[in-house]
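K.L.:
My file is work30.json. It has JSON, C-alpha atoms:
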```json
[["chain", "number", "residue", "atom", "x", "y", "z"],
["E", 1, "MET", "CA", 96.46, 33.84, -13.65],
["E", 2, "THR", "CA", 93.87, 32.48, -11.31],
["E", 3, "ASN", "CA", 90.22, 33.22, -11.77],
["E", 4, "ALA", "CA", 87.79, 33.17, -8.90],
["E", 5, "LEU", "CA", 84.07, 33.69, -9.26],
["E", 6, "ILE", "CA", 81.74, 34.72, -6.46],
["E", 7, "ARG", "CA", 77.98, 34.71, -6.83],
["E", 8, "LEU", "CA", 75.76, 36.52, -4.33],
["E", 9, "PRO", "CA", 72.19, 37.80, -4.39],
["E", 10, "ARG", "CA", 72.07, 41.45, -5.51],
["E", 11, "SER", "CA", 70.45, 42.51, -2.28],
["E", 12, "VAL", "CA", 69.19, 40.67, 0.78],
["E", 13, "LYS", "CA", 66.88, 41.45, 3.66],
["E", 14, "ARG", "CA", 68.35, 41.84, 7.13],
["E", 15, "GLY", "CA", 68.14, 38.59, 9.08],
["E", 16, "GLU", "CA", 67.64, 36.49, 6.00],
["E", 17, "ALA", "CA", 69.97, 33.57, 5.18],
["E", 18, "PHE", "CA", 71.39, 33.70, 1.67],
["E", 19, "GLU", "CA", 73.56, 31.42, -0.41],
["E", 20, "ILE", "CA", 77.12, 32.26, -1.44],
["E", 21, "LYS", "CA", 78.52, 30.33, -4.39],
["E", 22, "THR", "CA", 82.22, 30.34, -5.20],
["E", 23, "LEU", "CA", 84.24, 28.82, -8.01],
["E", 24, "ILE", "CA", 87.99, 28.97, -8.49],
["E", 25, "GLN", "CA", 90.30, 27.80, -11.23],
["E", 26, "HIS", "CA", 92.65, 25.09, -9.90],
["E", 27, "PRO", "CA", 93.80, 21.65, -11.16],
["E", 28, "MET", "CA", 93.39, 19.91, -7.76],
["E", 29, "GLU", "CA", 96.07, 17.36, -8.69],
["E", 30, "THR", "CA", 95.52, 14.51, -6.26],
["E", 31, "GLY", "CA", 99.09, 13.28, -5.79],
["E", 32, "PHE", "CA", 97.94, 9.72, -6.51],
["E", 33, "ARG", "CA", 98.13, 9.75, -10.30],
["E", 34, "ALA", "CA", 101.02, 8.35, -12.31],
["E", 35, "GLY", "CA", 102.65, 10.36, -15.09],
["E", 36, "THR", "CA", 104.04, 8.96, -18.37],
["E", 37, "ASN", "CA", 107.44, 8.11, -16.89],
["E", 38, "GLY", "CA", 105.92, 6.09, -14.06],
["E", 39, "THR", "CA", 106.58, 8.66, -11.36],
["E", 40, "THR", "CA", 103.69, 10.07, -9.39],
["E", 41, "ILE", "CA", 102.49, 13.53, -10.33],
["E", 42, "PRO", "CA", 103.06, 15.58, -7.15],
["E", 43, "ARG", "CA", 100.06, 16.74, -5.20],
["E", 44, "ASP", "CA", 98.84, 20.27, -5.90],
["E", 45, "ILE", "CA", 95.55, 21.07, -4.19],
["E", 46, "ILE", "CA", 93.77, 23.89, -2.40],
["E", 47, "GLU", "CA", 93.84, 22.96, 1.26],
["E", 48, "GLU", "CA", 91.67, 25.57, 2.84],
["E", 49, "PHE", "CA", 88.91, 28.01, 2.02],
["E", 50, "LEU", "CA", 87.90, 30.82, 4.34],
["E", 51, "CYS", "CA", 85.14, 33.42, 4.26],
["E", 52, "THR", "CA", 84.75, 36.41, 6.56],
["E", 53, "TYR", "CA", 81.88, 38.90, 6.76],
["E", 54, "ASN", "CA", 83.00, 42.37, 7.84],
["E", 55, "GLY", "CA", 86.06, 40.77, 9.41],
["E", 56, "VAL", "CA", 84.25, 37.99, 11.27],
["E", 57, "GLU", "CA", 84.82, 34.41, 10.16],
["E", 58, "ILE", "CA", 81.57, 32.82, 8.97],
["E", 59, "PHE", "CA", 82.75, 29.77, 7.07],
["E", 60, "ARG", "CA", 85.86, 27.68, 6.72],
["E", 61, "MET", "CA", 86.40, 24.48, 4.80],
["E", 62, "LYS", "CA", 89.27, 22.01, 4.62],
["E", 63, "LEU", "CA", 89.58, 20.51, 1.17],
["E", 64, "SER", "CA", 91.23, 17.23, 0.18],
["E", 65, "SER", "CA", 92.37, 15.46, -2.97],
["E", 66, "ALA", "CA", 88.79, 14.22, -3.31],
["E", 67, "ILE", "CA", 87.49, 17.67, -4.25],
["E", 68, "ALA", "CA", 87.02, 18.01, -8.01],
["E", 69, "ALA", "CA", 89.21, 20.29, -10.14],
["E", 70, "ASN", "CA", 88.13, 23.95, -10.14],
["E", 71, "PRO", "CA", 86.56, 23.70, -6.70],
["E", 72, "TYR", "CA", 82.97, 24.84, -6.39],
["E", 73, "ILE", "CA", 81.88, 25.66, -2.84],
["E", 74, "SER", "CA", 78.46, 26.84, -1.80],
["E", 75, "PHE", "CA", 77.36, 27.79, 1.72],
["E", 76, "HIS", "CA", 74.98, 30.13, 3.55],
["E", 77, "THR", "CA", 75.13, 33.08, 5.87],
["E", 78, "VAL", "CA", 72.68, 35.43, 7.58],
["E", 79, "ALA", "CA", 72.57, 39.01, 6.31],
["E", 80, "THR", "CA", 73.48, 41.20, 9.28],
["E", 81, "GLU", "CA", 74.61, 44.47, 7.72],
["E", 82, "SER", "CA", 75.89, 45.85, 4.45],
["E", 83, "GLY", "CA", 79.57, 45.34, 4.03],
["E", 84, "THR", "CA", 82.33, 43.22, 2.63],
["E", 85, "LEU", "CA", 82.69, 39.51, 2.24],
["E", 86, "PHE", "CA", 86.28, 38.37, 2.06],
["E", 87, "PHE", "CA", 87.29, 35.04, 0.53],
["E", 88, "ARG", "CA", 90.65, 33.31, 0.72],
["E", 89, "TRP", "CA", 91.83, 30.07, -0.84],
["E", 90, "THR", "CA", 95.20, 28.67, 0.24],
["E", 91, "GLY", "CA", 96.99, 25.53, -0.84],
["E", 92, "ASP", "CA", 100.07, 23.66, -2.01],
["E", 93, "ASN", "CA", 103.04, 25.43, -3.60],
["E", 94, "GLY", "CA", 102.19, 28.68, -1.88],
["E", 95, "PHE", "CA", 98.83, 28.99, -3.60],
["E", 96, "LYS", "CA", 96.89, 31.93, -2.24],
["E", 97, "VAL", "CA", 94.03, 33.85, -3.78],
["E", 98, "GLU", "CA", 92.02, 36.55, -2.07],
["E", 99, "GLU", "CA", 88.77, 38.06, -3.29],
["E", 100, "THR", "CA", 86.24, 40.46, -1.84],
["E", 101, "ALA", "CA", 82.61, 41.08, -2.66],
["E", 102, "ARG", "CA", 80.16, 43.76, -1.50],
["E", 103, "ILE", "CA", 76.86, 42.78, -0.01],
["E", 104, "ALA", "CA", 73.97, 45.24, 0.28],
["E", 105, "VAL", "CA", 71.55, 44.53, 3.13],
["E", 106, "ALA", "CA", 68.17, 46.21, 2.91],
["G", 1, "MET", "CA", 60.42, -29.77, 16.58],
["G", 2, "ASP", "CA", 58.74, -26.48, 15.74],
["G", 3, "PRO", "CA", 57.05, -27.08, 12.37],
["G", 4, "SER", "CA", 57.33, -23.37, 11.48],
["G", 5, "LEU", "CA", 61.12, -23.54, 11.31],
["G", 6, "THR", "CA", 61.54, -25.13, 7.93],
["G", 7, "ARG", "CA", 64.77, -25.01, 5.98],
["G", 8, "ARG", "CA", 63.22, -22.52, 3.57],
["G", 9, "ARG", "CA", 62.20, -20.15, 6.36],
["G", 10, "PHE", "CA", 65.57, -20.38, 7.98],
["G", 11, "LEU", "CA", 67.31, -19.41, 4.74],
["G", 12, "ALA", "CA", 64.91, -16.52, 4.15],
["G", 13, "GLY", "CA", 65.60, -15.24, 7.65],
["G", 14, "ALA", "CA", 69.34, -15.57, 7.19],
["G", 15, "ALA", "CA", 69.13, -13.59, 3.95],
["G", 16, "ILE", "CA", 67.31, -10.73, 5.69],
["G", 17, "VAL", "CA", 69.90, -10.57, 8.43],
["G", 18, "THR", "CA", 72.68, -10.29, 5.85],
["G", 19, "LEU", "CA", 70.90, -7.42, 4.11],
["G", 20, "LEU", "CA", 70.56, -5.24, 7.20],
["G", 21, "PRO", "CA", 72.56, -2.00, 7.00],
["G", 22, "LEU", "CA", 76.08, -2.39, 8.26],
["G", 23, "PRO", "CA", 77.19, -0.44, 11.30],
["G", 24, "VAL", "CA", 80.08, 2.00, 10.99],
["G", 25, "GLU", "CA", 82.48, -0.54, 12.48],
["G", 26, "ALA", "CA", 81.91, -2.82, 9.53],
["G", 27, "ALA", "CA", 83.06, -0.25, 6.96],
["G", 28, "PRO", "CA", 86.55, -0.69, 5.55],
["G", 29, "ASP", "CA", 89.29, 0.16, 8.02],
["G", 30, "ASP", "CA", 90.32, 3.58, 6.78],
["G", 31, "LEU", "CA", 86.79, 4.92, 6.68],
["G", 32, "ALA", "CA", 85.99, 3.61, 10.14],
["G", 33, "LYS", "CA", 89.25, 5.00, 11.51],
["G", 34, "ALA", "CA", 88.71, 8.44, 9.99],
["G", 35, "ILE", "CA", 85.18, 8.58, 11.39],
["G", 36, "LYS", "CA", 86.41, 7.44, 14.79],
["G", 37, "GLU", "CA", 88.96, 10.27, 14.82],
["G", 38, "VAL", "CA", 86.19, 12.84, 14.39],
["G", 39, "LEU", "CA", 83.80, 11.18, 16.84],
["G", 40, "GLY", "CA", 86.19, 10.49, 19.69],
["G", 41, "SER", "CA", 84.10, 8.75, 22.32],
["G", 42, "ALA", "CA", 80.80, 10.24, 21.14],
["G", 43, "LYS", "CA", 78.03, 8.15, 19.65],
["G", 44, "LEU", "CA", 77.05, 8.41, 16.00],
["G", 45, "ASN", "CA", 73.31, 8.83, 15.43],
["G", 46, "THR", "CA", 71.48, 8.40, 12.16],
["G", 47, "GLY", "CA", 69.25, 11.21, 10.92],
["G", 48, "LYS", "CA", 69.02, 15.01, 10.72],
["G", 49, "VAL", "CA", 71.52, 15.00, 7.85],
["G", 50, "THR", "CA", 70.52, 14.95, 4.19],
["G", 51, "LEU", "CA", 73.17, 13.86, 1.74],
["G", 52, "ASP", "CA", 72.21, 14.83, -1.77],
["G", 53, "ILE", "CA", 74.21, 13.00, -4.41],
["G", 54, "ALA", "CA", 73.15, 11.16, -7.56],
["G", 55, "PRO", "CA", 72.95, 7.37, -6.99],
["G", 56, "LEU", "CA", 74.30, 6.73, -10.49],
["G", 57, "VAL", "CA", 77.17, 8.91, -11.60],
["G", 58, "GLU", "CA", 78.54, 8.88, -15.12],
["G", 59, "ASN", "CA", 81.75, 10.82, -14.53],
["G", 60, "GLY", "CA", 83.61, 10.29, -11.26],
["G", 61, "ASN", "CA", 85.80, 13.35, -11.86],
["G", 62, "THR", "CA", 83.09, 15.82, -10.93],
["G", 63, "VAL", "CA", 80.23, 14.64, -8.77],
["G", 64, "PRO", "CA", 77.89, 17.32, -7.41],
["G", 65, "MET", "CA", 77.15, 16.78, -3.74],
["G", 66, "LYS", "CA", 75.07, 18.70, -1.22],
["G", 67, "VAL", "CA", 74.86, 18.21, 2.53],
["G", 68, "SER", "CA", 72.14, 19.85, 4.60],
["G", 69, "VAL", "CA", 71.38, 19.45, 8.27],
["G", 70, "GLU", "CA", 68.11, 20.09, 10.08],
["G", 71, "SER", "CA", 68.97, 22.72, 12.65],
["G", 72, "PRO", "CA", 67.55, 26.04, 13.85],
["G", 73, "MET", "CA", 71.11, 27.46, 13.67],
["G", 74, "THR", "CA", 70.76, 29.60, 16.79],
["G", 75, "ALA", "CA", 73.56, 30.47, 19.20],
["G", 76, "LYS", "CA", 72.36, 27.68, 21.50],
["G", 77, "ASP", "CA", 71.59, 25.01, 18.95],
["G", 78, "HIS", "CA", 73.58, 24.94, 15.73],
["G", 79, "VAL", "CA", 75.76, 22.82, 13.52],
["G", 80, "LYS", "CA", 79.44, 23.29, 14.34],
["G", 81, "ALA", "CA", 80.92, 21.24, 11.55],
["G", 82, "ILE", "CA", 80.11, 19.00, 8.62],
["G", 83, "HIS", "CA", 82.47, 16.18, 7.73],
["G", 84, "VAL", "CA", 82.30, 14.08, 4.57],
["G", 85, "PHE", "CA", 84.05, 10.75, 4.10],
["G", 86, "ASN", "CA", 84.33, 8.19, 1.33],
["G", 87, "GLU", "CA", 85.09, 4.52, 1.36],
["G", 88, "LYS", "CA", 87.34, 3.70, -1.58],
["G", 89, "ASN", "CA", 89.27, 6.78, -2.70],
["G", 90, "PRO", "CA", 92.98, 6.67, -1.74],
["G", 91, "GLN", "CA", 92.12, 8.77, 1.34],
["G", 92, "PRO", "CA", 88.93, 8.42, 3.39],
["G", 93, "TYR", "CA", 88.72, 12.15, 3.88],
["G", 94, "VAL", "CA", 86.66, 14.41, 1.55],
["G", 95, "LEU", "CA", 86.01, 17.66, 3.36],
["G", 96, "ASN", "CA", 85.50, 19.32, 6.69],
["G", 97, "ALA", "CA", 83.45, 22.50, 6.91],
["G", 98, "VAL", "CA", 83.29, 24.71, 9.98],
["G", 99, "LEU", "CA", 80.02, 26.58, 10.42],
["G", 100, "GLY", "CA", 78.35, 28.53, 13.18],
["G", 101, "PRO", "CA", 75.08, 30.23, 14.08],
["G", 102, "ARG", "CA", 75.88, 32.93, 11.53],
["G", 103, "ALA", "CA", 75.42, 30.44, 8.72],
["G", 104, "GLY", "CA", 71.65, 30.71, 9.14],
["G", 105, "ARG", "CA", 71.18, 27.50, 7.21],
["G", 106, "ALA", "CA", 73.37, 24.42, 7.57],
["G", 107, "SER", "CA", 73.64, 23.58, 3.91],
["G", 108, "ILE", "CA", 76.80, 23.26, 1.84],
["G", 109, "ALA", "CA", 77.52, 22.04, -1.67],
["G", 110, "THR", "CA", 80.59, 21.16, -3.68],
["G", 111, "HIS", "CA", 81.83, 18.83, -6.42],
["G", 112, "ILE", "CA", 83.84, 15.75, -5.48],
["G", 113, "LYS", "CA", 85.88, 13.00, -7.17],
["G", 114, "LEU", "CA", 85.08, 9.32, -6.88],
["G", 115, "ARG", "CA", 87.56, 6.66, -7.91],
["G", 116, "GLU", "CA", 84.97, 3.90, -8.03],
["G", 117, "SER", "CA", 81.50, 2.94, -6.90],
["G", 118, "GLN", "CA", 81.43, 3.35, -3.16],
["G", 119, "LYS", "CA", 79.76, 4.59, -0.03],
["G", 120, "ILE", "CA", 79.75, 8.27, 0.99],
["G", 121, "VAL", "CA", 79.14, 9.29, 4.60],
["G", 122, "ALA", "CA", 78.28, 12.80, 5.82],
["G", 123, "ILE", "CA", 78.50, 13.59, 9.52],
["G", 124, "ALA", "CA", 77.23, 16.71, 11.29],
["G", 125, "GLU", "CA", 78.71, 17.83, 14.59],
["G", 126, "LEU", "CA", 76.16, 19.78, 16.65],
["G", 127, "SER", "CA", 76.76, 22.42, 19.30],
["G", 128, "ASP", "CA", 75.43, 20.07, 22.01],
["G", 129, "GLY", "CA", 78.23, 17.61, 21.19],
["G", 130, "SER", "CA", 76.10, 15.06, 19.38],
["G", 131, "PHE", "CA", 76.93, 13.61, 15.97],
["G", 132, "TRP", "CA", 74.43, 12.80, 13.21],
["G", 133, "SER", "CA", 75.04, 11.06, 9.95],
["G", 134, "ALA", "CA", 73.69, 10.02, 6.58],
["G", 135, "GLY", "CA", 75.30, 7.61, 4.15],
["G", 136, "THR", "CA", 74.60, 6.52, 0.63],
["G", 137, "GLU", "CA", 75.99, 4.23, -2.06],
["G", 138, "VAL", "CA", 77.05, 5.81, -5.34],
["G", 139, "ILE", "CA", 77.63, 3.86, -8.55],
["G", 140, "VAL", "CA", 80.28, 5.37, -10.81],
["G", 141, "THR", "CA", 80.53, 4.37, -14.46],
["G", 142, "ILE", "CA", 83.61, 6.38, -15.49],
["G", 143, "ALA", "CA", 85.97, 6.61, -12.54],
["G", 144, "ALA", "CA", 88.20, 9.54, -11.66],
["G", 145, "CYS", "CA", 91.96, 9.01, -12.11],
["G", 146, "VAL", "CA", 91.65, 6.74, -15.18],
["G", 147, "GLU", "CA", 93.25, 9.27, -17.49],
["G", 148, "ASP", "CA", 96.64, 8.79, -15.80],
["G", 149, "LEU", "CA", 98.58, 7.76, -18.88],
["G", 150, "MET", "CA", 97.16, 10.40, -21.16],
["G", 151, "GLN", "CA", 99.19, 13.07, -19.39]]
```
How does the structure come out when it is put into structure tokens?
P.N.:
Amino acid sequence: MTNALIRLPRSVKRGEAFEIKTLIQHPMETGFRAGTNGTTIPRDIIEEFLCTYNGVEIFRMKLSSAIAANPYISFHTVATESGTLFFRWTGDNGFKVEETARIAVA
Amino acid sequence: MDPSLTRRRFLAGAAIVTLLPLPVEAAPDDLAKAIKEVLGSAKLNTGKVTLDIAPLVENGNTVPMKVSVESPMTAKDHVKAIHVFNEKNPQPYVLNAVLGPRAGRASIATHIKLRESQKIVAIAELSDGSFWSAGTEVIVTIAACVEDLMQ
């Protein structure tokens, strides 16, 4: 079971930029490490993170093996209207997690 | 002969020249190549970007890093993308974030892995097509990927 955490301000003023913090449970196996039998542990990472605000893309990030396990991503957006933030993480082995969060704009 | 050019002065001058910051071309091949791929034919300027990362890191498995860019973030003048590269991990590539005027503030943060002490470079791509960068050296005492055999 994958856990994703989203942290937003409880309410924001219209036109104000606010920070969105996200954290997701994932090993981020680099694909460069050797296992006990000498073979390389296959790569298993999150490749892309996407965030939309009422259906409009506001942030997208390509991740690599150099991102630490349980990726933490923080970014900003301007509060335009109350609505839904949608988050999607996709990666190796068909990894896909989707989350939504409500944002109240005063 | 010019009396001011003594052997001692010459050596002091030579030492200063060696200590000057290296241009991007002088970075190890992979890093330079990866940066070149992003830049294309554009010129890389220094400034506008702030790369926030501890200079001395105890644990290379999780290194907090923050990149912010000075920009009004308007429709006309904003940061389009932020790229981060490293010098000595197996791949030069760390992340690539796509932003726009709706970001309001060009500031992102994440946690990265560092295999050893090395240089980190952050590059911002602006809406006018210019590229700005900041780089820093990070010393790592416990590297990432050392726990291989404990699996």
K.L.:
Between G:Ser68, G:Thr6, G:Asn86, G:Ser127, which residue has the minimum interatomic distance to Ser65 (chain E), considering only C-alpha atoms?
P.N.:
G:Asn86
K.L.:
Which residues are near Gln25 (chain E)? Cut-off 10 Å, only C-alpha atoms, ignore same chain within fewer than 5 positions. Put them as a PDB file with C-alpha atoms, in the frame of the given file.
P.N.:
```pdb
ATOM      1  CA  MET E   1      96.460  33.840 -13.650  1.00  0.00           C
ATOM      2  CA  THR E   2      93.870  32.480 -11.310  1.00  0.00           C
ATOM      3  CA  ASN E   3      90.220  33.220 -11.770  1.00  0.00           C
ATOM      4  CA  ALA E   4      87.790  33.170  -8.900  1.00  0.00           C
ATOM      5  CA  LEU E   5      84.070  33.690  -9.260  1.00  0.00           C
ATOM      6  CA  ALA E  69      89.210  20.290 -10.140  1.00  0.00           C
ATOM      7  CA  ASN E  70      88.130  23.950 -10.140  1.00  0.00           C
ATOM      8  CA  PRO E  71      86.560  23.700  -6.700  1.00  0.00           C
ATOM      9  CA  TYR E  72      82.970  24.840  -6.390  1.00  0.00           C
TER      10      TYR E  72
END
```
K.L.:
Check every residue of chain G for an atom within 8 Å of chain E, counting only C-alpha atoms, and provide those that qualify as a ChimeraX atom specification.
P.N.:
/G:61-63,89-91,93-100,102-114,145,148-151
K.L.:
Check the smallest atom-to-atom distance from each of E:Ile103, E:Ile46, E:Val97, E:Leu8 to Met28 (chain E) using only C-alpha atoms, then report the winner.
P.N.:
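Of all the options, E:Ile46 lies closest to Met28 (chain E).
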K.L.:
To one decimal place, how far is CA of Val84 (chain G) from CA of Ala101 (chain E) in Å?
P.N.:
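We find that CA of Val84 (chain G) and CA of Ala101 (chain E) lie 28.0 Å from each other.
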K.L.:
For Glu70 (chain G), which residue among G:Ala34, G:Ala144, G:Ala124, G:Val49 is the nearest when counting only C-alpha atoms?
P.N.:
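Looking at the shortest contact to Glu70 (chain G), the residue is G:Val49.
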K.L.:
In Å to one decimal, how far is CA of Ile45 (chain E) from CA of Ile123 (chain G)?
P.N.:
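CA of Ile123 (chain G) sits 23.1 Å away from CA of Ile45 (chain E).
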K.L.:
Can you work out which one of G:Asp52, G:Glu87, G:Glu116, G:Glu125 has the shortest atom-to-atom distance to Ala143 (chain G), counting all atoms listed in the file?
P.N.:
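Closest residue, counting all atoms listed in the file: G:Glu116.
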K.L.:
Within 10 Å of Lys119 (chain G), counting only C-alpha atoms, which residues show up once you throw out same-chain ones fewer than 4 positions away? Write them as a PDB file with C-alpha atoms, in the frame of the given file, please.
P.N.:
```
ATOM      1  CA  ALA G  27      83.060  -0.250   6.960  1.00  0.00           C
ATOM      2  CA  LEU G  31      86.790   4.920   6.680  1.00  0.00           C
ATOM      3  CA  PHE G  85      84.050  10.750   4.100  1.00  0.00           C
ATOM      4  CA  ASN G  86      84.330   8.190   1.330  1.00  0.00           C
ATOM      5  CA  GLU G  87      85.090   4.520   1.360  1.00  0.00           C
ATOM      6  CA  LYS G  88      87.340   3.700  -1.580  1.00  0.00           C
ATOM      7  CA  LEU G 114      85.080   9.320  -6.880  1.00  0.00           C
ATOM      8  CA  GLY G 135      75.300   7.610   4.150  1.00  0.00           C
ATOM      9  CA  THR G 136      74.600   6.520   0.630  1.00  0.00           C
ATOM     10  CA  GLU G 137      75.990   4.230  -2.060  1.00  0.00           C
ATOM     11  CA  VAL G 138      77.050   5.810  -5.340  1.00  0.00           C
ATOM     12  CA  ILE G 139      77.630   3.860  -8.550  1.00  0.00           C
TER      13      ILE G 139
END
```
K.L.:
Rounded to one decimal in Å, what is the spacing between CA of Met65 (chain G) and CA of Val105 (chain E)?
P.N.:
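If I compute the distance from CA of Met65 (chain G) to CA of Val105 (chain E), I get 29.1 Å.
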K.L.:
Around (77.7, 10.2, 2.7), as given in the file, which residues come within 6 Å? Count only C-alpha atoms and list them as a list of chain:residue names.
P.N.:
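Nearby residues: G:Leu51, G:Ile120, G:Val121, G:Ala122, G:Ala134, G:Gly135, G:Thr136.
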K.L.:
Region 37-55 of chain E, all listed atoms, 6 Å padding on each side: what axis-aligned box centre and edge lengths in Å to one decimal come out, as AutoDock Vina command-line options?
P.N.:
```
--center_x 94.7 --center_y 24.2 --center_z -3.7 --size_x 37.6 --size_y 48.3 --size_z 38.3
```
K.L.:
May I ask which of the residues E:Arg102, E:Arg7, E:His26, E:Arg14 is the closest one to Thr90 (chain E), counting only C-alpha atoms?
P.N.:
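Checking each candidate against Thr90 (chain E), we get E:His26 as the closest.
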K.L.:
Neighbours of Gly55 (chain E) within 10 Å (all atoms listed in the file; same-chain residues fewer than 3 positions away dropped), as a VMD selection string?
P.N.:
chain E and resid 51 to 52 58 83 to 86
K.L.:
When you look at Ile35 (chain G) with a cut-off of 9 Å (counting only C-alpha atoms), what residues show up, excluding the ones that are within fewer than 5 positions of it in the same chain? I need them as a ChimeraX atom specification.
P.N.:
/G:24,30,40,83,85,92,123
K.L.:
Under the rule that only C-alpha atoms are counted, which of E:Ile6, E:Lys13, E:Trp89, E:Pro42 is the nearest residue to Ala104 (chain E)?
P.N.:
E:Lys13
